[in-house]
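Q: If it helps, the file is called run_35.csv and holds CSV, C-alpha atoms and all ligand atoms:
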chain,number,residue,atom,x,y,z
D,28,MET,CA,-91.6,-147.7,24.2
D,29,SER,CA,-90.3,-148.4,20.8
D,30,LEU,CA,-92.0,-148.4,17.4
D,31,CYS,CA,-94.3,-151.4,17.2
D,32,LEU,CA,-96.1,-151.3,13.8
D,33,VAL,CA,-94.4,-149.6,10.9
D,34,ALA,CA,-96.1,-149.1,7.5
D,35,ASN,CA,-93.8,-149.3,4.4
D,36,TRP,CA,-95.7,-147.7,1.6
D,37,LYS,CA,-92.9,-148.3,-0.9
D,38,LEU,CA,-93.5,-146.5,-4.3
D,39,ASN,CA,-97.1,-145.7,-3.6
D,40,GLY,CA,-99.0,-142.7,-2.6
D,41,SER,CA,-100.2,-139.2,-3.6
D,42,LYS,CA,-101.6,-136.2,-1.7
D,43,GLU,CA,-105.1,-137.6,-2.3
D,44,PHE,CA,-104.1,-141.1,-1.1
D,45,ASN,CA,-102.6,-139.6,2.1
D,46,HIS,CA,-105.9,-137.8,2.9
D,47,GLN,CA,-108.0,-140.9,2.2
D,48,TRP,CA,-105.7,-143.1,4.2
D,49,ALA,CA,-105.8,-140.8,7.2
D,50,LEU,CA,-109.6,-140.7,7.1
D,51,GLU,CA,-109.9,-144.5,6.9
D,52,PHE,CA,-107.3,-145.0,9.6
D,53,LEU,CA,-108.9,-142.6,12.1
D,54,ARG,CA,-112.4,-144.0,11.4
D,55,ASN,CA,-111.2,-147.5,12.4
D,56,PHE,CA,-108.5,-147.1,15.0
D,57,ASN,CA,-109.8,-147.7,18.5
D,58,GLY,CA,-107.7,-145.0,19.9
D,59,ASN,CA,-106.2,-147.0,22.7
D,60,ASN,CA,-102.7,-146.3,21.5
D,61,PHE,CA,-100.5,-148.6,23.6
D,62,SER,CA,-98.3,-149.1,20.6
D,63,ILE,CA,-96.2,-146.6,18.7
D,64,LEU,CA,-97.1,-146.6,15.1
D,65,GLY,CA,-94.9,-145.4,12.2
D,66,ILE,CA,-95.4,-144.7,8.5
D,67,ALA,CA,-92.7,-144.6,5.9
D,68,PRO,CA,-94.1,-142.9,2.8
D,69,ALA,CA,-92.2,-142.0,-0.3
D,70,SER,CA,-89.8,-139.2,1.0
D,71,LEU,CA,-91.5,-136.6,-1.1
D,72,TYR,CA,-94.6,-137.0,1.0
D,73,ILE,CA,-93.0,-136.9,4.5
D,74,ASP,CA,-93.8,-133.3,5.0
D,75,HIS,CA,-97.4,-133.6,3.6
D,76,LEU,CA,-98.1,-136.6,5.8
D,77,LYS,CA,-96.7,-134.7,8.9
D,78,THR,CA,-99.2,-131.9,8.3
D,79,ILE,CA,-102.1,-134.3,7.8
D,80,LEU,CA,-101.4,-136.4,10.9
D,81,THR,CA,-100.5,-133.6,13.3
D,82,ASP,CA,-103.2,-134.6,15.8
D,83,CYS,CA,-102.4,-138.4,15.8
D,84,ASP,CA,-99.6,-140.0,17.6
D,85,ILE,CA,-98.0,-141.5,14.5
D,86,GLU,CA,-94.3,-141.2,13.8
D,87,ILE,CA,-93.1,-140.6,10.2
D,88,GLY,CA,-90.0,-142.1,8.8
D,89,SER,CA,-88.2,-142.7,5.5
D,90,GLN,CA,-87.8,-145.8,3.5
D,91,ASN,CA,-84.1,-145.2,2.9
D,92,ILE,CA,-81.3,-142.7,3.5
D,93,ASP,CA,-78.0,-142.1,1.8
D,94,LEU,CA,-74.7,-143.4,3.3
D,95,GLU,CA,-73.2,-139.9,3.1
D,96,GLU,CA,-74.1,-136.7,4.8
D,97,THR,CA,-73.5,-134.4,1.8
D,98,GLY,CA,-71.8,-134.4,-1.6
D,99,ALA,CA,-72.1,-134.9,-5.3
D,100,ARG,CA,-74.7,-137.7,-5.0
D,101,THR,CA,-77.5,-136.8,-7.3
D,102,GLY,CA,-80.9,-138.0,-6.2
D,103,GLU,CA,-80.0,-139.0,-2.7
D,104,ILE,CA,-81.5,-137.8,0.6
D,105,SER,CA,-79.5,-137.6,3.9
D,106,ALA,CA,-80.3,-138.6,7.4
D,107,SER,CA,-80.1,-134.9,8.5
D,108,MET,CA,-82.6,-133.9,5.8
D,109,ILE,CA,-85.2,-136.4,7.0
D,110,LYS,CA,-84.5,-135.4,10.6
D,111,GLU,CA,-85.2,-131.8,9.7
D,112,LEU,CA,-88.6,-132.8,8.3
D,113,GLY,CA,-89.4,-134.5,11.6
D,114,CYS,CA,-88.7,-138.1,10.9
D,115,ALA,CA,-88.1,-140.4,13.8
D,116,PHE,CA,-86.9,-143.4,12.0
D,117,SER,CA,-85.6,-144.8,8.7
D,118,ILE,CA,-85.9,-148.2,7.2
D,119,ILE,CA,-82.4,-149.4,6.2
D,120,GLY,CA,-81.3,-152.3,4.0
D,121,HIS,CA,-84.8,-153.5,2.9
D,122,SER,CA,-84.4,-156.5,0.6
D,123,GLU,CA,-85.8,-154.6,-2.3
D,124,ARG,CA,-82.9,-152.1,-1.9
D,125,ARG,CA,-80.4,-154.9,-1.5
D,126,MET,CA,-81.7,-156.6,-4.7
D,127,LEU,CA,-82.7,-153.7,-7.0
D,128,PHE,CA,-80.1,-151.1,-5.9
D,129,HIS,CA,-77.3,-153.5,-5.0
D,130,GLU,CA,-76.9,-152.4,-1.4
D,131,THR,CA,-74.3,-154.4,0.5
D,132,ASN,CA,-74.0,-155.0,4.2
D,133,GLN,CA,-71.1,-152.5,4.2
D,134,MET,CA,-73.2,-149.8,2.7
D,135,ILE,CA,-76.0,-150.6,5.1
D,136,CYS,CA,-73.5,-150.2,7.9
D,137,GLN,CA,-72.6,-146.7,6.8
D,138,LYS,CA,-76.3,-145.8,6.6
D,139,LEU,CA,-76.9,-147.1,10.2
D,140,ILE,CA,-74.1,-144.8,11.3
D,141,GLN,CA,-75.6,-141.8,9.5
D,142,ALA,CA,-79.0,-142.5,11.1
D,143,ASP,CA,-77.5,-142.7,14.5
D,144,ASN,CA,-75.4,-139.6,14.1
D,145,ASN,CA,-78.7,-137.7,13.4
D,146,SER,CA,-80.8,-139.3,16.1
D,147,VAL,CA,-82.9,-141.2,13.6
D,148,ILE,CA,-83.8,-144.7,14.7
D,149,PRO,CA,-82.6,-147.2,12.1
D,150,ILE,CA,-84.8,-150.2,11.3
D,151,LEU,CA,-82.3,-152.7,9.9
D,152,CYS,CA,-84.0,-155.2,7.6
D,153,ILE,CA,-82.5,-158.7,7.3
D,154,GLY,CA,-83.9,-161.8,5.8
D,155,GLU,CA,-83.1,-165.1,4.0
D,156,SER,CA,-84.1,-166.1,0.4
D,157,ALA,CA,-86.4,-169.0,-0.4
D,158,GLU,CA,-83.4,-171.2,-1.3
D,159,GLU,CA,-81.5,-170.3,1.9
D,160,ASN,CA,-84.6,-171.1,3.9
D,161,GLN,CA,-85.2,-174.5,2.1
D,162,SER,CA,-81.6,-175.5,2.7
D,163,ASN,CA,-82.0,-174.7,6.5
D,164,ASN,CA,-79.5,-171.9,6.3
D,165,THR,CA,-81.7,-169.2,7.8
D,166,PHE,CA,-79.9,-168.7,11.0
D,167,ASN,CA,-76.4,-168.6,9.4
D,168,VAL,CA,-77.5,-166.1,6.8
D,169,LEU,CA,-79.2,-163.8,9.3
D,170,GLU,CA,-76.2,-164.0,11.7
D,171,GLN,CA,-73.9,-163.0,8.9
D,172,GLN,CA,-76.1,-160.1,7.8
D,173,ILE,CA,-76.2,-158.9,11.4
D,174,ILE,CA,-72.5,-159.2,11.9
D,175,GLU,CA,-71.5,-157.5,8.6
D,176,ALA,CA,-74.0,-154.7,9.1
D,177,LEU,CA,-73.1,-154.0,12.7
D,178,GLU,CA,-69.4,-154.7,13.0
D,179,ASN,CA,-68.4,-151.1,12.3
D,180,ALA,CA,-71.5,-149.7,13.8
D,181,ASN,CA,-71.2,-151.3,17.2
D,182,GLU,CA,-72.2,-148.4,19.4
D,183,LEU,CA,-75.6,-147.4,17.9
D,184,SER,CA,-77.7,-145.8,20.6
D,185,ALA,CA,-80.9,-147.3,19.2
D,186,LEU,CA,-81.6,-150.0,16.8
D,187,ILE,CA,-84.7,-151.9,15.6
D,188,ILE,CA,-84.3,-155.0,13.5
D,189,ALA,CA,-87.0,-156.2,11.1
D,190,TYR,CA,-86.8,-159.9,10.2
D,191,GLU,CA,-88.2,-160.1,6.7
D,192,PRO,CA,-87.8,-163.4,4.9
D,193,VAL,CA,-87.4,-162.4,1.2
D,194,TRP,CA,-89.8,-165.1,0.1
D,195,ALA,CA,-92.5,-163.9,2.5
D,196,ILE,CA,-92.6,-160.3,1.2
D,197,GLY,CA,-95.7,-159.7,-0.9
D,198,SER,CA,-96.2,-163.4,-1.4
D,199,GLY,CA,-99.0,-164.2,1.0
D,200,LYS,CA,-96.7,-166.8,2.6
D,201,THR,CA,-95.2,-166.5,6.1
D,202,PRO,CA,-93.1,-168.8,8.2
D,203,LYS,CA,-95.0,-170.5,11.1
D,204,PRO,CA,-95.4,-168.1,14.0
D,205,GLU,CA,-93.3,-170.4,16.3
D,206,GLU,CA,-90.5,-170.3,13.7
D,207,ILE,CA,-90.6,-166.5,13.6
D,208,ASN,CA,-90.4,-166.5,17.4
D,209,SER,CA,-87.3,-168.6,17.5
D,210,VAL,CA,-85.6,-166.6,14.7
D,211,HIS,CA,-86.4,-163.4,16.7
D,212,GLU,CA,-84.9,-165.0,19.8
D,213,MET,CA,-81.7,-165.8,17.9
D,214,ILE,CA,-81.5,-162.3,16.6
D,215,LYS,CA,-81.8,-160.8,20.1
D,216,ASP,CA,-79.1,-163.3,21.3
D,217,VAL,CA,-76.7,-162.4,18.5
D,218,VAL,CA,-77.0,-158.7,18.9
D,219,GLN,CA,-76.9,-158.7,22.7
D,220,SER,CA,-73.9,-161.1,22.9
D,221,ARG,CA,-71.8,-159.7,20.1
D,222,PHE,CA,-72.8,-156.0,20.2
D,223,PRO,CA,-73.5,-155.3,23.9
D,224,LYS,CA,-73.1,-151.5,23.3
D,225,ILE,CA,-76.0,-151.4,20.8
D,226,GLY,CA,-79.4,-150.4,22.2
D,227,LEU,CA,-81.5,-153.0,20.5
D,228,GLU,CA,-85.1,-151.7,21.1
D,229,SER,CA,-87.1,-154.4,19.3
D,230,VAL,CA,-87.3,-157.0,16.7
D,231,LEU,CA,-90.2,-156.7,14.2
D,232,TYR,CA,-91.5,-159.3,11.8
D,233,GLY,CA,-92.2,-158.3,8.2
D,234,GLY,CA,-93.6,-160.3,5.2
D,235,SER,CA,-97.3,-160.7,4.3
D,236,VAL,CA,-98.7,-159.5,7.7
D,237,ASN,CA,-102.4,-158.8,7.5
D,238,PHE,CA,-105.4,-158.5,9.7
D,239,LYS,CA,-106.1,-162.2,9.5
D,240,ASN,CA,-102.7,-163.5,10.6
D,241,ALA,CA,-101.8,-160.5,13.0
D,242,SER,CA,-102.9,-162.1,16.2
D,243,SER,CA,-101.0,-165.4,15.7
D,244,LEU,CA,-97.9,-163.4,15.2
D,245,PHE,CA,-98.4,-160.9,18.0
D,246,GLU,CA,-99.0,-163.7,20.4
D,247,GLN,CA,-95.4,-164.7,20.1
D,248,LYS,CA,-93.2,-163.6,22.9
D,249,ASN,CA,-90.3,-162.4,20.9
D,250,VAL,CA,-92.3,-160.7,18.2
D,251,ASP,CA,-92.3,-157.0,19.3
D,252,GLY,CA,-94.3,-155.7,16.3
D,253,ALA,CA,-94.4,-155.7,12.5
D,254,LEU,CA,-93.2,-154.0,9.4
D,255,ILE,CA,-96.1,-154.0,7.0
D,256,GLY,CA,-96.1,-153.4,3.3
D,257,GLY,CA,-99.2,-154.3,1.2
D,258,ALA,CA,-101.7,-154.3,4.0
D,259,SER,CA,-100.5,-151.0,5.3
D,260,LEU,CA,-101.7,-149.2,2.1
D,261,ASP,CA,-105.3,-149.7,3.4
D,262,GLY,CA,-105.8,-147.3,6.3
D,263,ARG,CA,-108.7,-149.4,7.6
D,264,GLU,CA,-106.6,-152.6,7.6
D,265,PHE,CA,-103.6,-150.9,9.2
D,266,ALA,CA,-105.9,-149.6,11.9
D,267,LEU,CA,-107.5,-153.1,12.5
D,268,ILE,CA,-104.0,-154.6,12.8
D,269,ALA,CA,-103.0,-151.9,15.3
D,270,ASN,CA,-106.2,-152.7,17.3
D,271,VAL,CA,-105.2,-156.4,17.4
D,272,PHE,CA,-101.8,-155.4,18.6
D,273,ASN,CA,-103.2,-153.1,21.3
D,274,GLU,CA,-105.6,-155.8,22.5
D,275,LEU,CA,-102.9,-158.4,22.9
D,276,ARG,CA,-100.2,-156.2,24.3
D,277,VAL,CA,-102.0,-154.2,27.0
K,301,LIG,C1,-92.1,-155.1,3.2
K,301,LIG,O1,-91.8,-155.0,2.0
K,301,LIG,O2,-91.4,-154.6,4.1
K,301,LIG,C2,-93.3,-156.0,3.5
K,301,LIG,C3,-93.3,-156.4,4.7
K,301,LIG,O3,-94.2,-156.2,2.5
K,301,LIG,P1,-95.5,-157.1,2.6
K,301,LIG,O4,-96.2,-156.8,4.0
K,301,LIG,O5,-96.3,-156.6,1.5
K,301,LIG,O6,-95.1,-158.5,2.5
Would you put the structure from the file into structure tokens?
Ligand code: PEP
A:
Amino acid sequence: MSLCLVANWKLNGSKEFNHQWALEFLRNFNGNNFSILGIAPASLYIDHLKTILTDCDIEIGSQNIDLEETGARTGEISASMIKELGCAFSIIGHSERRMLFHETNQMICQKLIQADNNSVIPILCIGESAEENQSNNTFNVLEQQIIEALENANELSALIIAYEPVWAIGSGKTPKPEEINSVHEMIKDVVQSRFPKIGLESVLYGGSVNFKNASSLFEQKNVDGALIGGASLDGREFALIANVFNELRV
């Protein structure tokens, strides 16, 4: 089974935070782990979190990797480095990286290949802006992002896609659950028809997921799980969302 709920902690965390989070999570998680959970902390804390969460079935991943394996690239971290630390996955092409760090679909493509070469499952993030959404361009924009990111990475052994409308991230707004479902269906169709050699494991939804809206999202047939930012910083809320997922997906 593939990763279902993935926490993106972004630029948050400390050793103390990690301990408190684990306590709160374990206190509230019902233990019926039918889903596979993942946490993407700041890379500096990957190792620390691994030692804290040794007894729980939670995968650790990174929020980003470099597009090269080695070289004169000050400040970067490679796929092989995170693999050595025990990471199972890496988020790639998050909209914050696209906007703040000018990542293009071509760079994202190289990162996907790096992840695959190191047996790290890439979670490719795609999503439309508010303007693109309002002008009914969502499907075209997503299709183009998928094609450009995958056209030179068309034999990935495993891939997870996270549909994250840019306007939904951290805003408290989400598309209607049925709209998300049809976008996910389109994503699956595009990948399966255009890139039949790619092992698409699942399509996650990301953008203002919380305990209150979780069940309406997880009830959708094509929503295989979620990538969660803000709400994942609270160990209790992440556990409650995981419990909802487990109840609906037994
Ligand atoms: C994200 O940034 O990946 C995300 C989903 O954030 P949030 O849940 O806070 O909207």
Q: From the options D:Thr97, D:Ser184, D:Asn35, D:Ser162, which residue's atoms come nearest to Leu64 in chain D, counting only C-alpha atoms?
A: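 Between D:Thr97, D:Ser184, D:Asn35, D:Ser162, the residue approaching Leu64 in chain D most closely is D:Asn35.
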Q: Mind checking which residues fall within 12 Å of Gly102 in chain D, counting only C-alpha atoms, ignoring those fewer than 6 positions away in the same chain, and posting them as a PyMOL selection string?
A: chain D and resi 70-71+92-93
Q: Quick one: residues within 7 Å of ligand LIG 301 (chain K), with only C-alpha atoms and all ligand atoms, as a ChimeraX atom specification?
A: /D:35,121,191,195-198,233-236,254-258
Q: Write the residues you've just listed into a file as a PDB file, keeping the file's coordinate frame, and include C-alpha atoms for each of them.
A:
ATOM      1  CA  ASN D  35     -93.800-149.300   4.400  1.00  0.00           C
ATOM      2  CA  HIS D 121     -84.800-153.500   2.900  1.00  0.00           C
ATOM      3  CA  GLU D 191     -88.200-160.100   6.700  1.00  0.00           C
ATOM      4  CA  ALA D 195     -92.500-163.900   2.500  1.00  0.00           C
ATOM      5  CA  ILE D 196     -92.600-160.300   1.200  1.00  0.00           C
ATOM      6  CA  GLY D 197     -95.700-159.700  -0.900  1.00  0.00           C
ATOM      7  CA  SER D 198     -96.200-163.400  -1.400  1.00  0.00           C
ATOM      8  CA  GLY D 233     -92.200-158.300   8.200  1.00  0.00           C
ATOM      9  CA  GLY D 234     -93.600-160.300   5.200  1.00  0.00           C
ATOM     10  CA  SER D 235     -97.300-160.700   4.300  1.00  0.00           C
ATOM     11  CA  VAL D 236     -98.700-159.500   7.700  1.00  0.00           C
ATOM     12  CA  LEU D 254     -93.200-154.000   9.400  1.00  0.00           C
ATOM     13  CA  ILE D 255     -96.100-154.000   7.000  1.00  0.00           C
ATOM     14  CA  GLY D 256     -96.100-153.400   3.300  1.00  0.00           C
ATOM     15  CA  GLY D 257     -99.200-154.300   1.200  1.00  0.00           C
ATOM     16  CA  ALA D 258    -101.700-154.300   4.000  1.00  0.00           C
TER      17      ALA D 258
END
Q: Rank nothing, just name the residue among D:Cys83, D:Leu267, D:Ile174, D:Leu76 nearest to Val217 in chain D, using all atoms listed in the file.
A: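 The shortest atom-to-atom distance to Val217 in chain D comes from D:Ile174.
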Q: Fewer than 6 positions away in the same chain doesn't count, so skip those; otherwise give me all residues within 7 Å of Gly226 in chain D, counting only C-alpha atoms, as a PyMOL selection string.
A: chain D and resi 183-186
Q: Restricting the calculation to only C-alpha atoms, which member of D:Pro223, D:Pro68, D:Pro202, D:Gly98 is positioned closest to Gly40 in chain D?
A: D:Pro68
Q: What is the distance between CA of Ser29 in chain D and CA of Gln141 in chain D, in Å to one decimal?
A: 19.7 Å
Q: For CA of Leu231 in chain D and CA of Leu127 in chain D, determine how far apart the two atoms are, in Å to one decimal place.
A: 22.7 Å
Q: Excluding same-chain residues fewer than 5 positions from Ser62 in chain D, what lies within 12 Å of it counting all atoms listed in the file, as a list of chain:residue names?
A: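 Neighbouring residues, sequence-local ones excluded: D:Met28, D:Ser29, D:Leu30, D:Cys31, D:Leu32, D:Val33, D:Phe56, D:Asn57, D:Asp84, D:Ile85, D:Glu86, D:Asp251, D:Gly252, D:Ala253, D:Ala266, D:Ile268, D:Ala269, D:Asn270, D:Val271, D:Phe272, D:Asn273, D:Glu274, D:Leu275, D:Arg276, D:Val277.
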Q: Nearest to Ser107 in chain D: which of D:Lys138, D:Lys248, D:His75, D:Arg263 is it, counting only C-alpha atoms?
A: D:Lys138
